[in-house]
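*Asks:* Structure incoming, see below.
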Protein chains: 2
Amino acid sequence: MTIKELAKELNLSFSTVSKALRDIHEISDKTKENVLKKAKELNYQVNPFASSLRNQKSKTIAVVIPEVVNDFFDPVINGIESIAQEKGYHVLIYLTHEDLQKEIKITRLLQNGRVDGVMLSISAQTDEIKHLETLKEKGIPMVFFDRVVSEISGPKVITNDFQSSFQATEHLIENGCKKIAFLSISKNLSISDKRTQGYFEALKKHNLAFDSNLLQFYDINNTTNFENLKKLLNNSNRPDAIFASVETLAILSYEVSKVLNLRIPEDIKILCFSNLKTVNLLNPPMTTITQPAFEIGRESADILFKLIEKKGEHFLKEYTVIDSELIKRESTRAI
Amino acid sequence: MTIKELAKELNLSFSTVSKALRDIHEISDKTKENVLKKAKELNYQVNPFASSLRNQKSKTIAVVIPEVVNDFFDPVINGIESIAQEKGYHVLIYLTHEDLQKEIKITRLLQNGRVDGVMLSISAQTDEIKHLETLKEKGIPMVFFDRVVSEISGPKVITNDFQSSFQATEHLIENGCKKIAFLSISKNLSISDKRTQGYFEALKKHNLAFDSNLLQFYDINNTTNFENLKKLLNNSNRPDAIFASVETLAILSYEVSKVLNLRIPEDIKILCFSNLKTVNLLNPPMTTITQPAFEIGRESADILFKLIEKKGEHFLKEYTVIDSELIKRESTRAI
């Protein structure tokens, strides 16, 4: 069976069939489907094109993340690159800056097939997922990590956000806190929901009433965050602890405490989800829920290459969970 | 004058001339040159193709940097993106991880013309520049920033490394230091040279002898850095100050001082080139030479787009210098 014979069977030109087999853009998806179906039927060996198909690969994967200033994403990228390097792939990094519109533009760009696979951690603003669904429908191998979208099927790599948050809140309660403020960056993110739930559940277990003033949302791109947090803390009725769901808000909490002359941990305790590299050098060192960032990157990349190479992708789990670790430091010491 | 007439004049086919004018790969550079020369001669308006030429653009620029864990590159990227966004361009980030081989692979990838322009800050390991020269020869618009290669002509955006380093060293001397160690990451980088020179000149001006044991080079990828620095400081004859040329080495210095129970600034003073976001929260807050990172990114991108759009590129200077600022904090206070 040759392309010529295949073309005759399909009543198409040689050129059209050849292009369809090579997945060239000018041929419609419908025609490509027909050609591939017939090729299979007639047992046409697509192998002769294997090498040109291989050449078409960009040998590049894209990583779409909200920011790099956060010390979490740096080890994630290192984890991804440790795998990509073994595979001879390049890693491209796209930043959304927590901006939905940027995320949409980037996914549109990635639809053009310039990369062989995509890894995403969505922006805090992302409250619609059509652009992600579209990318998925194009058949580009995709893996979500950390900030995942549960509505889109496919492999996701996360940490145990609920349990970690529960454990951290309980640690604050055990060390004497009764008014714990929870600072979050988004009402949309899966991780925010789970972290908030963990906080709720720990309050409930210890019979502490939930105070809605203590659950606060900050937009990272706002310039008023410092003043807003200052208002919360510069108050006789202020919280006795801050649980920041992201690093940036914990740093902000340290800065505001300093300005207000609040002593950590005597006047206020602070902890957060963080991979901050200077955490031990802070005054005082900060208690953190440290995420397995490198492992999350490595595991996500490993799964992505299973999808790209079509090896064992049917055995992939929907969720891969790698545990975080609560590391107790001076900022939450019992007084 | 039409393409047909132009083709006749050149004794070439319509298709060849059309492709040459659209800068299509299959046409040789020599033919393209001939076509463009003749087109100019006969006053052929290339304008009708302006839109298709525009469509060929990838609308993407690449930023090649050594790492993101360093808080310098995050605001640089923000500066670049602030311009790229105005222009409707995407920004791709490639990390070399201070590794020459990775840098070579990335530049090879970029030669294929997948991006419209490249901005580079070279790795600490880079002691050969053939790969960068090759990229330059391909005609891809290029701008170097911060870690530049003086041997390659073209626009470069830097900060005043020599003067900043001189001023910082002088500040330590004025506050009583006599044995200032200078920690650097590379013998190859232009910025290392200039920073080291600034340190030398300040010692000279103040009649302090240079001690070669106090000039130390650390490979960021080594795991022995902590032990090596500990050896330097755990010594009766130890330095009374550390001037770290990069952030990572300053953080290392804080960590080693903590382990050895050396008080900062009483037993040892520490300062460094840094844009660390937690600098005010460290124990104690660290004196820094803060680089105009956002402005460096913005200026570099602005120049790159002048090259891409061929607007005013003949007026570009070889070097654009944006000054850094010495911010004195507790870590270098006079005792």
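Starting from 1 in every chain, residues are counted up; chains themselves are A, B, ... following the order of the structure tokens, and ligands are numbered from 1 as listed.
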Region 67-74 of chain A: which residues within 8 Å, counting only C-alpha atoms, same-chain residues fewer than 5 positions away excluded, as a ChimeraX atom specification?

*Replies:* /A:95-98,247-248,274-277,291,293 /B:68-69,71,74

*Asks:* For the selection you just gave me, I'd like the residues written to a file as a CSV table (one decimal), in the first residue's frame, keeping all heavy atoms.

*Replies:*
chain,number,residue,atom,x,y,z
A,95,LEU,N,4.6,33.9,31.8
A,95,LEU,CA,4.1,34.5,33.1
A,95,LEU,C,2.7,35.1,32.8
A,95,LEU,O,2.6,35.9,31.9
A,95,LEU,CB,5.1,35.5,33.6
A,95,LEU,CG,6.5,35.0,33.9
A,95,LEU,CD1,7.3,36.2,34.5
A,95,LEU,CD2,6.4,33.9,34.9
A,96,THR,N,1.8,34.8,33.7
A,96,THR,CA,0.4,35.5,33.5
A,96,THR,C,0.3,36.7,34.4
A,96,THR,O,-0.6,37.4,34.3
A,96,THR,CB,-0.7,34.5,33.9
A,96,THR,OG1,-0.5,34.1,35.3
A,96,THR,CG2,-0.7,33.2,33.0
A,97,HIS,N,1.2,36.8,35.4
A,97,HIS,CA,1.1,37.9,36.4
A,97,HIS,C,-0.3,38.0,37.0
A,97,HIS,O,-0.8,39.0,37.2
A,97,HIS,CB,1.5,39.3,35.7
A,97,HIS,CG,2.9,39.3,35.3
A,97,HIS,ND1,3.9,39.6,36.2
A,97,HIS,CD2,3.5,39.2,34.1
A,97,HIS,CE1,5.1,39.6,35.5
A,97,HIS,NE2,4.8,39.3,34.3
A,98,GLU,N,-0.8,36.8,37.3
A,98,GLU,CA,-2.1,36.7,38.0
A,98,GLU,C,-3.2,37.4,37.2
A,98,GLU,O,-4.2,37.9,37.8
A,98,GLU,CB,-2.1,37.3,39.4
A,98,GLU,CG,-1.0,36.7,40.3
A,98,GLU,CD,-1.3,35.3,40.9
A,98,GLU,OE1,-2.2,34.6,40.3
A,98,GLU,OE2,-0.6,34.9,41.8
A,247,GLU,N,3.0,33.4,50.2
A,247,GLU,CA,4.2,34.0,50.7
A,247,GLU,C,4.1,35.6,50.7
A,247,GLU,O,4.5,36.2,51.7
A,247,GLU,CB,5.3,33.6,49.7
A,247,GLU,CG,6.7,33.7,50.2
A,247,GLU,CD,7.6,33.0,49.2
A,247,GLU,OE1,7.6,31.8,49.2
A,247,GLU,OE2,8.2,33.7,48.4
A,248,THR,N,3.7,36.1,49.6
A,248,THR,CA,3.6,37.6,49.5
A,248,THR,C,2.8,38.2,50.6
A,248,THR,O,3.2,39.3,51.1
A,248,THR,CB,3.0,38.0,48.1
A,248,THR,OG1,3.4,37.1,47.2
A,248,THR,CG2,3.3,39.4,47.7
A,274,SER,N,4.8,28.6,52.2
A,274,SER,CA,5.9,29.3,51.7
A,274,SER,C,7.2,28.5,51.4
A,274,SER,O,7.4,27.5,52.1
A,274,SER,CB,6.3,30.5,52.6
A,274,SER,OG,7.5,31.1,52.2
A,275,ASN,N,7.9,28.8,50.4
A,275,ASN,CA,9.2,28.2,50.1
A,275,ASN,C,10.3,29.3,50.2
A,275,ASN,O,11.3,29.2,49.5
A,275,ASN,CB,9.2,27.5,48.8
A,275,ASN,CG,8.4,26.3,48.8
A,275,ASN,OD1,7.2,26.3,49.0
A,275,ASN,ND2,9.0,25.1,48.7
A,276,LEU,N,10.0,30.4,50.9
A,276,LEU,CA,10.9,31.5,51.0
A,276,LEU,C,12.3,31.1,51.4
A,276,LEU,O,12.5,30.4,52.4
A,276,LEU,CB,10.4,32.5,52.0
A,276,LEU,CG,10.9,33.9,52.0
A,276,LEU,CD1,10.6,34.6,50.7
A,276,LEU,CD2,10.4,34.7,53.2
A,277,LYS,N,13.3,31.5,50.6
A,277,LYS,CA,14.7,31.0,50.8
A,277,LYS,C,15.3,31.7,52.0
A,277,LYS,O,16.2,31.2,52.6
A,277,LYS,CB,15.5,31.1,49.6
A,277,LYS,CG,15.7,32.5,49.1
A,277,LYS,CD,16.6,32.5,47.8
A,277,LYS,CE,16.9,33.9,47.3
A,277,LYS,NZ,15.7,34.7,46.9
A,291,GLN,N,6.1,23.5,50.7
A,291,GLN,CA,5.6,22.7,49.7
A,291,GLN,C,6.7,21.9,49.0
A,291,GLN,O,7.8,22.5,48.8
A,291,GLN,CB,4.8,23.5,48.7
A,291,GLN,CG,3.6,24.2,49.3
A,291,GLN,CD,3.2,25.4,48.5
A,291,GLN,OE1,3.8,26.5,48.7
A,291,GLN,NE2,2.2,25.3,47.7
A,293,ALA,N,8.1,21.6,46.3
A,293,ALA,CA,8.1,22.3,45.0
A,293,ALA,C,8.9,21.6,43.9
A,293,ALA,O,8.4,21.3,42.8
A,293,ALA,CB,8.6,23.7,45.1
B,68,VAL,N,15.8,32.5,38.1
B,68,VAL,CA,14.8,33.4,38.6
B,68,VAL,C,14.7,33.5,40.1
B,68,VAL,O,14.1,34.3,40.7
B,68,VAL,CB,13.4,33.0,38.1
B,68,VAL,CG1,13.2,33.3,36.6
B,68,VAL,CG2,13.0,31.5,38.4
B,69,VAL,N,15.5,32.6,40.8
B,69,VAL,CA,15.5,32.6,42.3
B,69,VAL,C,16.1,33.9,42.8
B,69,VAL,O,15.7,34.4,43.9
B,69,VAL,CB,16.3,31.4,42.9
B,69,VAL,CG1,17.8,31.6,42.7
B,69,VAL,CG2,16.0,31.2,44.3
B,71,ASP,N,16.1,37.7,43.1
B,71,ASP,CA,15.1,38.7,43.0
B,71,ASP,C,15.3,39.8,42.1
B,71,ASP,O,14.5,40.7,41.9
B,71,ASP,CB,14.7,39.3,44.4
B,71,ASP,CG,14.0,38.3,45.3
B,71,ASP,OD1,13.5,37.3,44.8
B,71,ASP,OD2,13.8,38.5,46.5
B,74,ASP,N,13.2,39.1,38.5
B,74,ASP,CA,11.7,39.2,38.4
B,74,ASP,C,11.3,40.7,38.0
B,74,ASP,O,10.5,40.8,37.1
B,74,ASP,CB,11.1,38.9,39.8
B,74,ASP,CG,9.6,38.9,39.8
B,74,ASP,OD1,9.0,38.0,39.1
B,74,ASP,OD2,9.0,39.8,40.4

*Asks:* Counting only C-alpha atoms, what are the residues of chain B within 8 Å of chain A, and for each of them which pair of atoms is the nearest and at what distance in Å, to one decimal? Sort the table by chain and rising number, as CSV.

*Replies:*
residue,atom,partner,partner_atom,distance
B:Val68,CA,A:Asp74,CA,6.3
B:Val69,CA,A:Asp74,CA,5.7
B:Asp71,CA,A:Val69,CA,6.6
B:Asp74,CA,A:Val69,CA,5.7
B:His90,CA,A:Ile106,CA,7.7
B:Val91,CA,A:Tyr94,CA,6.9
B:Leu92,CA,A:Tyr94,CA,5.8
B:Ile93,CA,A:Ile93,CA,5.0
B:Tyr94,CA,A:Leu92,CA,5.8
B:Ile106,CA,A:His90,CA,7.7
B:Ile251,CA,A:Thr278,CA,7.1
B:Tyr254,CA,A:Leu281,CA,7.2
B:Glu255,CA,A:Leu281,CA,7.2
B:Thr278,CA,A:Ile251,CA,7.1
B:Leu281,CA,A:Leu282,CA,5.5
B:Leu282,CA,A:Leu282,CA,4.3
B:Asn283,CA,A:Asn283,CA,5.0
B:Pro284,CA,A:Asn283,CA,7.5

*Asks:* Just the selected residues (N, CA and C atoms), exported as a PDB file, in the first residue's frame, please.

*Replies:*
ATOM      1  N   VAL B  68      15.832  32.477  38.145  1.00  0.00           N
ATOM      2  CA  VAL B  68      14.782  33.371  38.621  1.00  0.00           C
ATOM      3  C   VAL B  68      14.743  33.465  40.135  1.00  0.00           C
ATOM      4  N   VAL B  69      15.529  32.598  40.818  1.00  0.00           N
ATOM      5  CA  VAL B  69      15.507  32.601  42.277  1.00  0.00           C
ATOM      6  C   VAL B  69      16.061  33.936  42.805  1.00  0.00           C
ATOM      7  N   ASP B  71      16.144  37.722  43.130  1.00  0.00           N
ATOM      8  CA  ASP B  71      15.055  38.700  43.041  1.00  0.00           C
ATOM      9  C   ASP B  71      15.329  39.838  42.061  1.00  0.00           C
ATOM     10  N   ASP B  74      13.189  39.122  38.471  1.00  0.00           N
ATOM     11  CA  ASP B  74      11.731  39.249  38.446  1.00  0.00           C
ATOM     12  C   ASP B  74      11.290  40.660  38.037  1.00  0.00           C
ATOM     13  N   HIS B  90       4.482  38.610  23.000  1.00  0.00           N
ATOM     14  CA  HIS B  90       4.631  37.670  24.093  1.00  0.00           C
ATOM     15  C   HIS B  90       6.092  37.590  24.512  1.00  0.00           C
ATOM     16  N   VAL B  91       6.298  37.294  25.772  1.00  0.00           N
ATOM     17  CA  VAL B  91       7.655  37.168  26.302  1.00  0.00           C
ATOM     18  C   VAL B  91       7.895  35.720  26.721  1.00  0.00           C
ATOM     19  N   LEU B  92       8.924  35.122  26.164  1.00  0.00           N
ATOM     20  CA  LEU B  92       9.306  33.764  26.546  1.00  0.00           C
ATOM     21  C   LEU B  92      10.543  33.845  27.403  1.00  0.00           C
ATOM     22  N   ILE B  93      10.580  33.070  28.467  1.00  0.00           N
ATOM     23  CA  ILE B  93      11.751  33.112  29.333  1.00  0.00           C
ATOM     24  C   ILE B  93      12.504  31.783  29.237  1.00  0.00           C
ATOM     25  N   TYR B  94      13.785  31.867  28.988  1.00  0.00           N
ATOM     26  CA  TYR B  94      14.651  30.685  28.951  1.00  0.00           C
ATOM     27  C   TYR B  94      15.662  30.803  30.083  1.00  0.00           C
ATOM     28  N   ILE B 106      20.239  26.787  23.995  1.00  0.00           N
ATOM     29  CA  ILE B 106      19.139  27.752  23.848  1.00  0.00           C
ATOM     30  C   ILE B 106      19.393  28.680  22.664  1.00  0.00           C
ATOM     31  N   ILE B 251      23.079  35.908  51.260  1.00  0.00           N
ATOM     32  CA  ILE B 251      22.210  35.049  52.076  1.00  0.00           C
ATOM     33  C   ILE B 251      23.050  33.958  52.733  1.00  0.00           C
ATOM     34  N   TYR B 254      24.884  35.414  55.691  1.00  0.00           N
ATOM     35  CA  TYR B 254      24.001  35.528  56.859  1.00  0.00           C
ATOM     36  C   TYR B 254      23.865  34.161  57.537  1.00  0.00           C
ATOM     37  N   GLU B 255      23.659  33.129  56.732  1.00  0.00           N
ATOM     38  CA  GLU B 255      23.454  31.782  57.289  1.00  0.00           C
ATOM     39  C   GLU B 255      24.697  31.289  58.030  1.00  0.00           C
ATOM     40  N   THR B 278      12.839  40.661  50.855  1.00  0.00           N
ATOM     41  CA  THR B 278      12.712  40.562  52.314  1.00  0.00           C
ATOM     42  C   THR B 278      13.852  41.279  53.050  1.00  0.00           C
ATOM     43  N   LEU B 281      13.317  42.786  56.415  1.00  0.00           N
ATOM     44  CA  LEU B 281      12.812  41.879  57.450  1.00  0.00           C
ATOM     45  C   LEU B 281      13.895  40.957  57.974  1.00  0.00           C
ATOM     46  N   LEU B 282      15.087  41.028  57.368  1.00  0.00           N
ATOM     47  CA  LEU B 282      16.180  40.164  57.818  1.00  0.00           C
ATOM     48  C   LEU B 282      16.658  40.618  59.186  1.00  0.00           C
ATOM     49  N   ASN B 283      17.348  39.729  59.856  1.00  0.00           N
ATOM     50  CA  ASN B 283      17.889  40.032  61.171  1.00  0.00           C
ATOM     51  C   ASN B 283      19.409  40.088  61.096  1.00  0.00           C
ATOM     52  N   PRO B 284      20.024  41.276  61.006  1.00  0.00           N
ATOM     53  CA  PRO B 284      19.391  42.599  60.869  1.00  0.00           C
ATOM     54  C   PRO B 284      19.144  42.940  59.396  1.00  0.00           C
TER      55      PRO B 284
END

*Asks:* Pairing every C-alpha atom in order, fit chain A onto chain B and give me the RMSD in Å.

*Replies:* 0.6 Å

*Asks:* If you count only C-alpha atoms, which residues fall within 9 Å of Gly198 (chain B), apart from same-chain ones fewer than 2 positions away, as a VMD selection string?

*Replies:* chain B and resid 161 to 169 193 to 196 200 to 203

*Asks:* Write out, as a PDB file, in the first residue's frame, the residues just selected, with N, CA and C atoms.

*Replies:*
ATOM      1  N   ASP B 161      28.262  49.456  37.681  1.00  0.00           N
ATOM      2  CA  ASP B 161      28.846  48.473  38.593  1.00  0.00           C
ATOM      3  C   ASP B 161      30.123  48.950  39.279  1.00  0.00           C
ATOM      4  N   PHE B 162      30.998  49.572  38.508  1.00  0.00           N
ATOM      5  CA  PHE B 162      32.266  50.018  39.094  1.00  0.00           C
ATOM      6  C   PHE B 162      32.029  51.038  40.206  1.00  0.00           C
ATOM      7  N   GLN B 163      31.307  52.095  39.874  1.00  0.00           N
ATOM      8  CA  GLN B 163      31.069  53.166  40.849  1.00  0.00           C
ATOM      9  C   GLN B 163      30.315  52.652  42.081  1.00  0.00           C
ATOM     10  N   SER B 164      29.320  51.804  41.860  1.00  0.00           N
ATOM     11  CA  SER B 164      28.530  51.283  42.986  1.00  0.00           C
ATOM     12  C   SER B 164      29.400  50.475  43.928  1.00  0.00           C
ATOM     13  N   SER B 165      30.265  49.657  43.327  1.00  0.00           N
ATOM     14  CA  SER B 165      31.130  48.802  44.113  1.00  0.00           C
ATOM     15  C   SER B 165      32.152  49.640  44.882  1.00  0.00           C
ATOM     16  N   PHE B 166      32.674  50.652  44.224  1.00  0.00           N
ATOM     17  CA  PHE B 166      33.621  51.574  44.858  1.00  0.00           C
ATOM     18  C   PHE B 166      32.960  52.229  46.072  1.00  0.00           C
ATOM     19  N   GLN B 167      31.781  52.752  45.849  1.00  0.00           N
ATOM     20  CA  GLN B 167      31.047  53.469  46.892  1.00  0.00           C
ATOM     21  C   GLN B 167      30.713  52.548  48.078  1.00  0.00           C
ATOM     22  N   ALA B 168      30.316  51.315  47.788  1.00  0.00           N
ATOM     23  CA  ALA B 168      29.957  50.362  48.848  1.00  0.00           C
ATOM     24  C   ALA B 168      31.188  49.993  49.676  1.00  0.00           C
ATOM     25  N   THR B 169      32.312  49.761  48.996  1.00  0.00           N
ATOM     26  CA  THR B 169      33.550  49.418  49.707  1.00  0.00           C
ATOM     27  C   THR B 169      33.991  50.586  50.591  1.00  0.00           C
ATOM     28  N   ASP B 193      33.996  41.641  36.851  1.00  0.00           N
ATOM     29  CA  ASP B 193      35.226  42.409  36.663  1.00  0.00           C
ATOM     30  C   ASP B 193      35.071  43.829  37.199  1.00  0.00           C
ATOM     31  N   LYS B 194      33.987  44.465  36.785  1.00  0.00           N
ATOM     32  CA  LYS B 194      33.802  45.867  37.180  1.00  0.00           C
ATOM     33  C   LYS B 194      33.575  46.007  38.672  1.00  0.00           C
ATOM     34  N   ARG B 195      32.832  45.071  39.243  1.00  0.00           N
ATOM     35  CA  ARG B 195      32.589  45.136  40.684  1.00  0.00           C
ATOM     36  C   ARG B 195      33.882  44.899  41.449  1.00  0.00           C
ATOM     37  N   THR B 196      34.679  43.950  40.973  1.00  0.00           N
ATOM     38  CA  THR B 196      35.960  43.671  41.632  1.00  0.00           C
ATOM     39  C   THR B 196      36.884  44.887  41.522  1.00  0.00           C
ATOM     40  N   PHE B 200      38.752  47.027  44.456  1.00  0.00           N
ATOM     41  CA  PHE B 200      40.201  47.284  44.451  1.00  0.00           C
ATOM     42  C   PHE B 200      40.507  48.770  44.598  1.00  0.00           C
ATOM     43  N   GLU B 201      39.843  49.565  43.780  1.00  0.00           N
ATOM     44  CA  GLU B 201      40.138  51.001  43.743  1.00  0.00           C
ATOM     45  C   GLU B 201      39.850  51.672  45.079  1.00  0.00           C
ATOM     46  N   ALA B 202      38.777  51.236  45.745  1.00  0.00           N
ATOM     47  CA  ALA B 202      38.436  51.821  47.043  1.00  0.00           C
ATOM     48  C   ALA B 202      39.491  51.444  48.082  1.00  0.00           C
ATOM     49  N   LEU B 203      39.953  50.171  48.048  1.00  0.00           N
ATOM     50  CA  LEU B 203      41.018  49.748  48.970  1.00  0.00           C
ATOM     51  C   LEU B 203      42.246  50.620  48.758  1.00  0.00           C
TER      52      LEU B 203
END

*Asks:* Using only C-alpha atoms, pick whichever of A:Leu249, A:Ile289, A:Ile268, A:Leu316 has the shortest atom-to-atom distance to Gly176 (chain A).

*Replies:*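 Of the candidates, the smallest distance to Gly176 (chain A) is held by A:Ile268.
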
*Asks:* Looking at only C-alpha atoms, which of A:Lys37, A:His25, A:Lys87, A:Lys187 is the one that sits closest to Glu309 (chain A)?

*Replies:*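 Ranked by minimum distance to Glu309 (chain A), first place goes to A:Lys87.
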
*Asks:* I'd like the neighbourhood of region 228-230 of chain A as a ChimeraX atom specification, where a residue qualifies if any of its atoms comes within 8 Å (using only C-alpha atoms), though same-chain residues fewer than 6 positions away should be ignored.

*Replies:* /A:253,256,260

*Asks:* Take the residues just selected and output them with all heavy atoms as a tab-separated table (two decimals), in the first residue's frame.

*Replies:*
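Once everything was written out, this is again31.tsv:
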chain	number	residue	atom	x	y	z
A	253	SER	N	2.60	40.90	55.98
A	253	SER	CA	2.22	40.87	57.40
A	253	SER	C	3.41	41.21	58.29
A	253	SER	O	3.27	41.92	59.28
A	253	SER	CB	1.70	39.47	57.77
A	253	SER	OG	0.64	39.10	56.94
A	256	VAL	N	3.93	45.06	57.94
A	256	VAL	CA	2.92	45.84	58.68
A	256	VAL	C	3.17	45.72	60.18
A	256	VAL	O	3.11	46.73	60.91
A	256	VAL	CB	1.49	45.38	58.30
A	256	VAL	CG1	0.46	46.02	59.22
A	256	VAL	CG2	1.19	45.72	56.85
A	260	LEU	N	3.87	48.81	62.81
A	260	LEU	CA	2.97	49.03	63.96
A	260	LEU	C	3.63	48.64	65.29
A	260	LEU	O	2.98	48.68	66.34
A	260	LEU	CB	1.69	48.21	63.78
A	260	LEU	CG	0.78	48.60	62.60
A	260	LEU	CD1	-0.41	47.64	62.52
A	260	LEU	CD2	0.27	50.04	62.76

*Asks:* Can you list every residue in region 38-219 of chain A that DSSP puts in strand (DSSP E), as a ChimeraX atom specification?

*Replies:* /A:60-65,90-95,117-120,142-145,156-159,180-184,215-217

*Asks:* Quick one: distance from CA of Thr16 (chain A) to CA of Thr31 (chain A) in Å, one decimal?

*Replies:*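 The value is 8.7 Å.
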
*Asks:* For Leu304 (chain B), find every residue with an atom within 12 Å (counting only C-alpha atoms), except residues of its own chain fewer than 5 positions away, and show them as a PyMOL selection string.

*Replies:* chain B and resi 60-63+80+83-84+87+89+116-120+140-145+154-157+297-299+309-313+316

*Asks:* Just checking: using only C-alpha atoms, which residue out of B:Lys204, B:Lys40, B:Lys328, B:Arg263 ends up closest to Leu233 (chain B)?

*Replies:* B:Arg263
